[in-house]
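> As input, take structure11.cif (mmCIF, C-alpha atoms and all ligand atoms):
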```cif
data_target
loop_
_atom_site.label_atom_id
_atom_site.label_comp_id
_atom_site.auth_asym_id
_atom_site.auth_seq_id
_atom_site.Cartn_x
_atom_site.Cartn_y
_atom_site.Cartn_z
CA MET A 239 0.00 0.00 0.00
CA GLN A 240 2.68 2.43 1.05
CA HIS A 241 4.87 1.98 -1.99
CA LYS A 242 4.31 4.39 -4.81
CA SER A 243 6.59 2.33 -7.03
CA HIS A 244 4.33 -0.71 -6.63
CA TRP A 245 1.31 1.17 -7.92
CA GLU A 246 3.18 3.02 -10.66
CA ASN A 247 4.42 -0.35 -11.94
CA VAL A 248 0.90 -1.82 -11.89
CA TYR A 249 -0.48 0.94 -14.10
CA GLU A 250 2.56 0.92 -16.39
CA ALA A 251 2.46 -2.88 -16.83
CA LYS A 252 -1.26 -3.50 -17.28
CA SER A 253 -4.02 -1.94 -19.30
CA PRO A 254 -6.66 -0.26 -17.08
CA GLU A 255 -9.25 -2.80 -18.28
CA ALA A 256 -7.07 -5.74 -17.13
CA VAL A 257 -6.63 -4.92 -13.44
CA SER A 258 -8.76 -7.00 -11.07
CA TRP A 259 -10.64 -3.97 -9.71
CA TYR A 260 -11.69 -2.74 -13.18
CA GLN A 261 -15.30 -1.69 -13.60
CA ARG A 262 -16.82 -0.66 -16.92
CA HIS A 263 -19.16 1.57 -14.90
CA ALA A 264 -18.81 2.71 -11.31
CA ALA A 265 -22.55 2.20 -11.02
CA ARG A 266 -22.99 1.57 -7.31
CA SER A 267 -20.66 4.40 -6.28
CA LEU A 268 -22.40 6.80 -8.62
CA ALA A 269 -25.88 5.80 -7.44
CA LEU A 270 -24.94 6.19 -3.77
CA ILE A 271 -23.30 9.57 -4.40
CA ARG A 272 -26.28 10.82 -6.43
CA ALA A 273 -28.63 9.77 -3.64
CA VAL A 274 -26.97 12.13 -1.16
CA ALA A 275 -25.20 14.84 -3.21
CA ASP A 276 -27.90 17.08 -4.62
CA ASP A 277 -25.75 20.21 -5.07
CA PRO A 278 -23.70 19.86 -8.29
CA ARG A 279 -21.19 22.41 -6.91
CA GLY A 280 -20.48 20.40 -3.75
CA PRO A 281 -16.82 19.27 -3.79
CA ILE A 282 -16.32 15.53 -4.33
CA ILE A 283 -13.01 13.71 -3.91
CA ASP A 284 -12.27 10.22 -5.22
CA VAL A 285 -9.41 8.98 -3.04
CA GLY A 286 -7.18 6.39 -4.69
CA GLY A 287 -9.32 6.89 -7.75
CA GLY A 288 -6.70 5.28 -9.99
CA ALA A 289 -7.92 5.03 -13.58
CA SER A 290 -11.56 4.52 -12.52
CA VAL A 291 -14.32 5.85 -14.75
CA LEU A 292 -16.14 7.27 -11.72
CA VAL A 293 -14.72 10.72 -12.56
CA ASP A 294 -16.15 10.54 -16.11
CA GLU A 295 -19.53 9.52 -14.74
CA LEU A 296 -19.54 12.26 -12.09
CA LEU A 297 -18.88 14.84 -14.83
CA ASP A 298 -21.61 13.28 -16.98
CA ALA A 299 -23.97 13.58 -14.00
CA GLY A 300 -23.26 17.31 -13.77
CA TYR A 301 -20.92 17.50 -10.78
CA GLU A 302 -18.71 20.55 -11.21
CA ASP A 303 -16.12 20.23 -8.45
CA VAL A 304 -14.40 16.86 -8.68
CA THR A 305 -10.94 15.94 -7.36
CA VAL A 306 -9.16 12.65 -8.08
CA LEU A 307 -6.30 11.78 -5.75
CA ASP A 308 -3.92 8.88 -6.29
CA LEU A 309 -0.43 7.85 -5.29
CA ALA A 310 0.29 6.74 -8.86
CA GLY A 311 0.79 9.43 -11.47
CA ALA A 312 0.56 6.69 -14.12
CA ALA A 313 -3.04 5.99 -13.06
CA LEU A 314 -4.02 9.65 -13.17
CA ALA A 315 -2.40 9.97 -16.62
CA ILE A 316 -4.65 7.18 -17.94
CA ALA A 317 -7.78 8.87 -16.61
CA ARG A 318 -6.71 12.29 -17.89
CA ALA A 319 -5.97 10.93 -21.37
CA ARG A 320 -9.33 9.18 -21.50
CA LEU A 321 -11.16 12.39 -20.55
CA GLY A 322 -9.32 14.52 -23.12
CA ALA A 323 -10.30 18.20 -22.87
CA ARG A 324 -12.73 17.40 -20.03
CA ALA A 325 -9.73 16.57 -17.82
CA ASP A 326 -9.27 20.32 -17.29
CA ARG A 327 -12.51 20.37 -15.31
CA VAL A 328 -11.03 18.01 -12.69
CA ARG A 329 -8.43 18.61 -9.95
CA TRP A 330 -5.76 15.93 -10.06
CA LEU A 331 -3.67 15.23 -6.97
CA GLU A 332 -0.74 12.85 -7.18
CA ALA A 333 -0.29 12.24 -3.45
CA ASP A 334 -0.48 9.86 -0.53
CA VAL A 335 -3.87 10.10 1.17
CA ARG A 336 -2.27 9.61 4.59
CA THR A 337 -0.11 12.71 4.38
CA VAL A 338 -1.44 15.05 1.68
CA ALA A 339 -2.53 18.54 2.77
CA LEU A 340 -6.23 18.76 1.93
CA PRO A 341 -8.48 21.77 2.51
CA ALA A 342 -10.19 21.71 5.91
CA ALA A 343 -13.93 21.11 6.29
CA HIS A 344 -14.27 21.17 2.51
CA TYR A 345 -15.58 18.03 0.82
CA ALA A 346 -19.28 17.25 0.54
CA VAL A 347 -18.44 13.68 -0.52
CA TRP A 348 -15.34 11.55 0.10
CA HIS A 349 -15.27 8.39 -2.04
CA ASP A 350 -12.87 5.46 -1.78
CA ARG A 351 -13.27 2.13 -3.53
CA ALA A 352 -10.65 -0.50 -2.79
CA VAL A 353 -8.03 1.72 -1.13
CA PHE A 354 -8.73 1.81 2.61
CA HIS A 355 -8.57 -1.98 2.83
CA PHE A 356 -4.85 -1.89 1.99
CA LEU A 357 -4.20 -0.10 5.29
CA THR A 358 -3.22 -3.03 7.46
CA ASP A 359 -1.25 -0.93 9.95
CA PRO A 360 -3.46 0.70 12.63
CA ALA A 361 -1.36 3.89 12.48
CA ASP A 362 -2.11 4.21 8.76
CA ARG A 363 -5.82 3.70 9.36
CA ALA A 364 -5.77 6.37 12.07
CA ALA A 365 -3.97 8.78 9.73
CA TYR A 366 -6.57 8.12 7.03
CA VAL A 367 -9.54 8.63 9.36
CA ALA A 368 -7.95 11.86 10.66
CA GLN A 369 -7.73 13.10 7.06
CA VAL A 370 -11.41 12.36 6.53
CA GLU A 371 -12.42 14.08 9.77
CA ARG A 372 -10.38 17.15 8.87
CA SER A 373 -11.24 17.58 5.21
CA VAL A 374 -14.90 16.53 5.00
CA ARG A 375 -17.39 19.25 5.93
CA ALA A 376 -19.80 18.75 8.81
CA GLY A 377 -22.79 16.88 7.42
CA GLY A 378 -20.70 15.62 4.48
CA TYR A 379 -20.72 12.02 3.28
CA VAL A 380 -18.02 9.35 3.30
CA LEU A 381 -18.48 6.39 0.97
CA VAL A 382 -15.89 3.65 1.43
CA ALA A 383 -15.94 0.30 -0.36
CA THR A 384 -13.64 -2.49 0.84
CA PHE A 385 -13.43 -6.23 0.49
CA ALA A 386 -16.16 -7.84 2.63
CA GLU A 387 -15.52 -10.43 5.32
CA ASP A 388 -15.81 -13.18 2.71
CA GLY A 389 -13.76 -11.25 0.14
CA PRO A 390 -10.17 -11.90 -0.95
CA THR A 391 -7.30 -11.70 1.54
CA HIS A 392 -4.98 -10.07 -1.00
CA CYS A 393 -5.20 -7.70 -3.94
CA SER A 394 -2.46 -6.73 -6.36
CA GLY A 395 -0.12 -9.01 -4.38
CA LEU A 396 -0.71 -7.03 -1.17
CA PRO A 397 -2.52 -8.15 2.01
CA VAL A 398 -5.80 -6.42 2.83
CA GLU A 399 -8.12 -6.00 5.81
CA ARG A 400 -11.65 -7.27 5.26
CA TYR A 401 -14.71 -5.63 6.78
CA SER A 402 -18.41 -5.93 7.49
CA SER A 403 -20.39 -2.70 7.35
CA GLY A 404 -20.35 -2.75 11.17
CA SER A 405 -16.60 -3.18 11.54
CA LEU A 406 -15.92 -0.59 8.85
CA HIS A 407 -18.21 1.91 10.57
CA ARG A 408 -16.58 1.19 13.94
CA THR A 409 -13.12 1.74 12.42
CA PHE A 410 -14.19 5.24 11.44
CA GLY A 411 -15.65 5.92 14.86
CA SER A 412 -18.45 7.71 16.58
CA ALA A 413 -18.02 10.98 14.64
CA PHE A 414 -19.64 9.16 11.72
CA ASP A 415 -23.27 8.04 11.43
CA LEU A 416 -23.93 4.99 9.30
CA VAL A 417 -26.41 5.96 6.57
CA SER A 418 -26.53 2.78 4.50
CA SER A 419 -24.47 -0.18 3.39
CA ALA A 420 -24.57 -2.63 0.54
CA ARG A 421 -22.72 -5.71 -0.59
CA GLU A 422 -21.54 -6.22 -4.14
CA ASP A 423 -20.29 -9.23 -6.02
CA HIS A 424 -17.55 -7.77 -8.22
CA VAL A 425 -16.56 -9.93 -11.17
CA THR A 426 -12.95 -9.32 -12.21
CA PRO A 427 -11.85 -9.22 -15.87
CA ALA A 428 -10.52 -12.77 -15.33
CA GLY A 429 -13.94 -13.94 -14.12
CA ALA A 430 -13.23 -14.25 -10.38
CA HIS A 431 -15.89 -13.17 -7.88
CA GLN A 432 -14.95 -10.74 -5.10
CA SER A 433 -17.27 -9.66 -2.28
CA PHE A 434 -17.22 -5.95 -1.54
CA VAL A 435 -19.03 -3.98 1.14
CA TYR A 436 -19.98 -0.35 0.54
CA CYS A 437 -20.45 1.75 3.64
CA LEU A 438 -21.99 5.23 3.41
CA CYS A 439 -21.51 7.37 6.51
CA ARG A 440 -22.25 10.97 7.39
CA LEU A 441 -19.89 13.14 9.39
CA GLY A 442 -21.78 14.54 12.36
CA THR A 443 -22.63 18.24 12.44
C1 LIG B 501 -7.26 -1.33 -6.11
S1 LIG B 501 -6.94 0.23 -6.80
C2 LIG B 501 -8.57 0.97 -6.83
C3 LIG B 501 -8.66 2.10 -7.83
C4 LIG B 501 -10.04 2.76 -7.95
N1 LIG B 501 -10.50 3.26 -6.68
C5 LIG B 501 -11.05 1.82 -8.54
O1 LIG B 501 -12.02 1.43 -7.86
O2 LIG B 501 -10.88 1.49 -9.73
C6 LIG B 501 -6.16 1.07 -5.43
C7 LIG B 501 -5.69 2.47 -5.79
O3 LIG B 501 -5.24 3.14 -4.61
C8 LIG B 501 -4.07 3.86 -4.92
N2 LIG B 501 -3.34 4.04 -3.65
C9 LIG B 501 -2.73 3.09 -2.92
N3 LIG B 501 -2.21 3.62 -1.81
C10 LIG B 501 -2.51 4.94 -1.82
C11 LIG B 501 -2.24 6.01 -0.94
N4 LIG B 501 -1.55 5.83 0.20
N5 LIG B 501 -2.69 7.24 -1.27
C12 LIG B 501 -3.37 7.44 -2.42
N6 LIG B 501 -3.66 6.44 -3.30
C13 LIG B 501 -3.24 5.20 -3.00
C14 LIG B 501 -3.36 3.02 -5.94
O4 LIG B 501 -2.43 3.73 -6.72
C15 LIG B 501 -4.53 2.49 -6.76
O5 LIG B 501 -4.84 3.35 -7.82
#
```
Can I see the file as structure tokens?


Amino acid sequence: MQHKSHWENVYEAKSPEAVSWYQRHAARSLALIRAVADDPRGPIIDVGGGASVLVDELLDAGYEDVTVLDLAGAALAIARARLGARADRVRWLEADVRTVALPAAHYAVWHDRAVFHFLTDPADRAAYVAQVERSVRAGGYVLVATFAEDGPTHCSGLPVERYSSGSLHRTFGSAFDLVSSAREDHVTPAGAHQSFVYCLCRLGT
């Protein structure tokens, strides 16, 4: 998780459609975001967004203030190239979510699919949660998708933590109210099935 070089190599070695986490559409994330984000100007950040098409779909849906953050510049370059001229409407941050300086009390929606579960060190999880608490506005939403309890133990050759909606919510703590959760059976490009849990929380006001 910590190693930028690992992730740069992944995106340099594989096409974005070949990685196990590839989705043709980020349908569940988009639906959950649309259900709670009714102001198109509300800032949205996709943390560890990689080369995901969520950013394309957020722009298509009319969201005007979208940031994509990722450790791997190679991943952001893929997304930017795909978007062409529309890439200028997005803020791109090549950074580590644990340490990047983000604006305080700013984001209306924080989204993370398949990033938080790589944090196997409690200190890294605490640093991540502190970033969320600092940079999401009061009343803002935090949507985190991880491998579920019956999901894989590894991804991209790295160990992961697996969660239920309850354990994921508890990891974030009492500042967050659980709004909804959902399980998803993700089918990888190679045809494997992976159980995900999506947990939508609201930061207390
Ligand atoms: C499994 S991929 C998921 C990508 C994307 N969220 C999706 O659903 O397609 C994990 C992503 O997290 C990024 N990443 C890993 N550690 C990170 C960190 N500490 N800070 C920011 N991004 C990180 C990787 O570069 C990679 O793009």

> Do you have the atom CA of Thr391 of chain A-atom CA of His355 of chain A distance handy?

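Pair atom CA of Thr391 of chain A / atom CA of His355 of chain A returns 9.9 Å.
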
> Within 9 Å of ligand LIG 501 (chain B), which residues show up when you count all atoms listed in the file? List them as a PyMOL selection string, please.

chain A and resi 239-242+244-246+248-249+254+257-261+264+284-292+307-314+332-338+349-354+356-357+362+366+383+393-394

> So what do you get for atom CA of His431 of chain A versus atom CA of Lys252 of chain A, distance-wise?

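Going from atom CA of His431 of chain A over to atom CA of Lys252 of chain A covers 19.9 Å.
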
> From (-21.4, 1.3, -4.8), in the file's coordinates, out to 10 Å: which residues are reached, counting all atoms listed in the file? Answer as a ChimeraX atom specification.

/A:264-271,349-351,381-383,419-422,434-438

> Starting from 4 Å padding per side, set up an axis-aligned box that covers all listed atoms of segment 325-342 of chain A and hand over centre and edge lengths in Å, one decimal, as lines of an AutoDock Vina configuration file.


```
center_x = -6.3
center_y = 15.7
center_z = -6.0
size_x = 20.4
size_y = 20.2
size_z = 31.7
```

> Pick out the closest residue to Val370 of chain A from this set: A:Ile283, A:Ala386, A:Leu297, A:Ala323. Count all atoms listed in the file.

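Using all atoms listed in the file, Val370 of chain A sits closest to A:Ile283.
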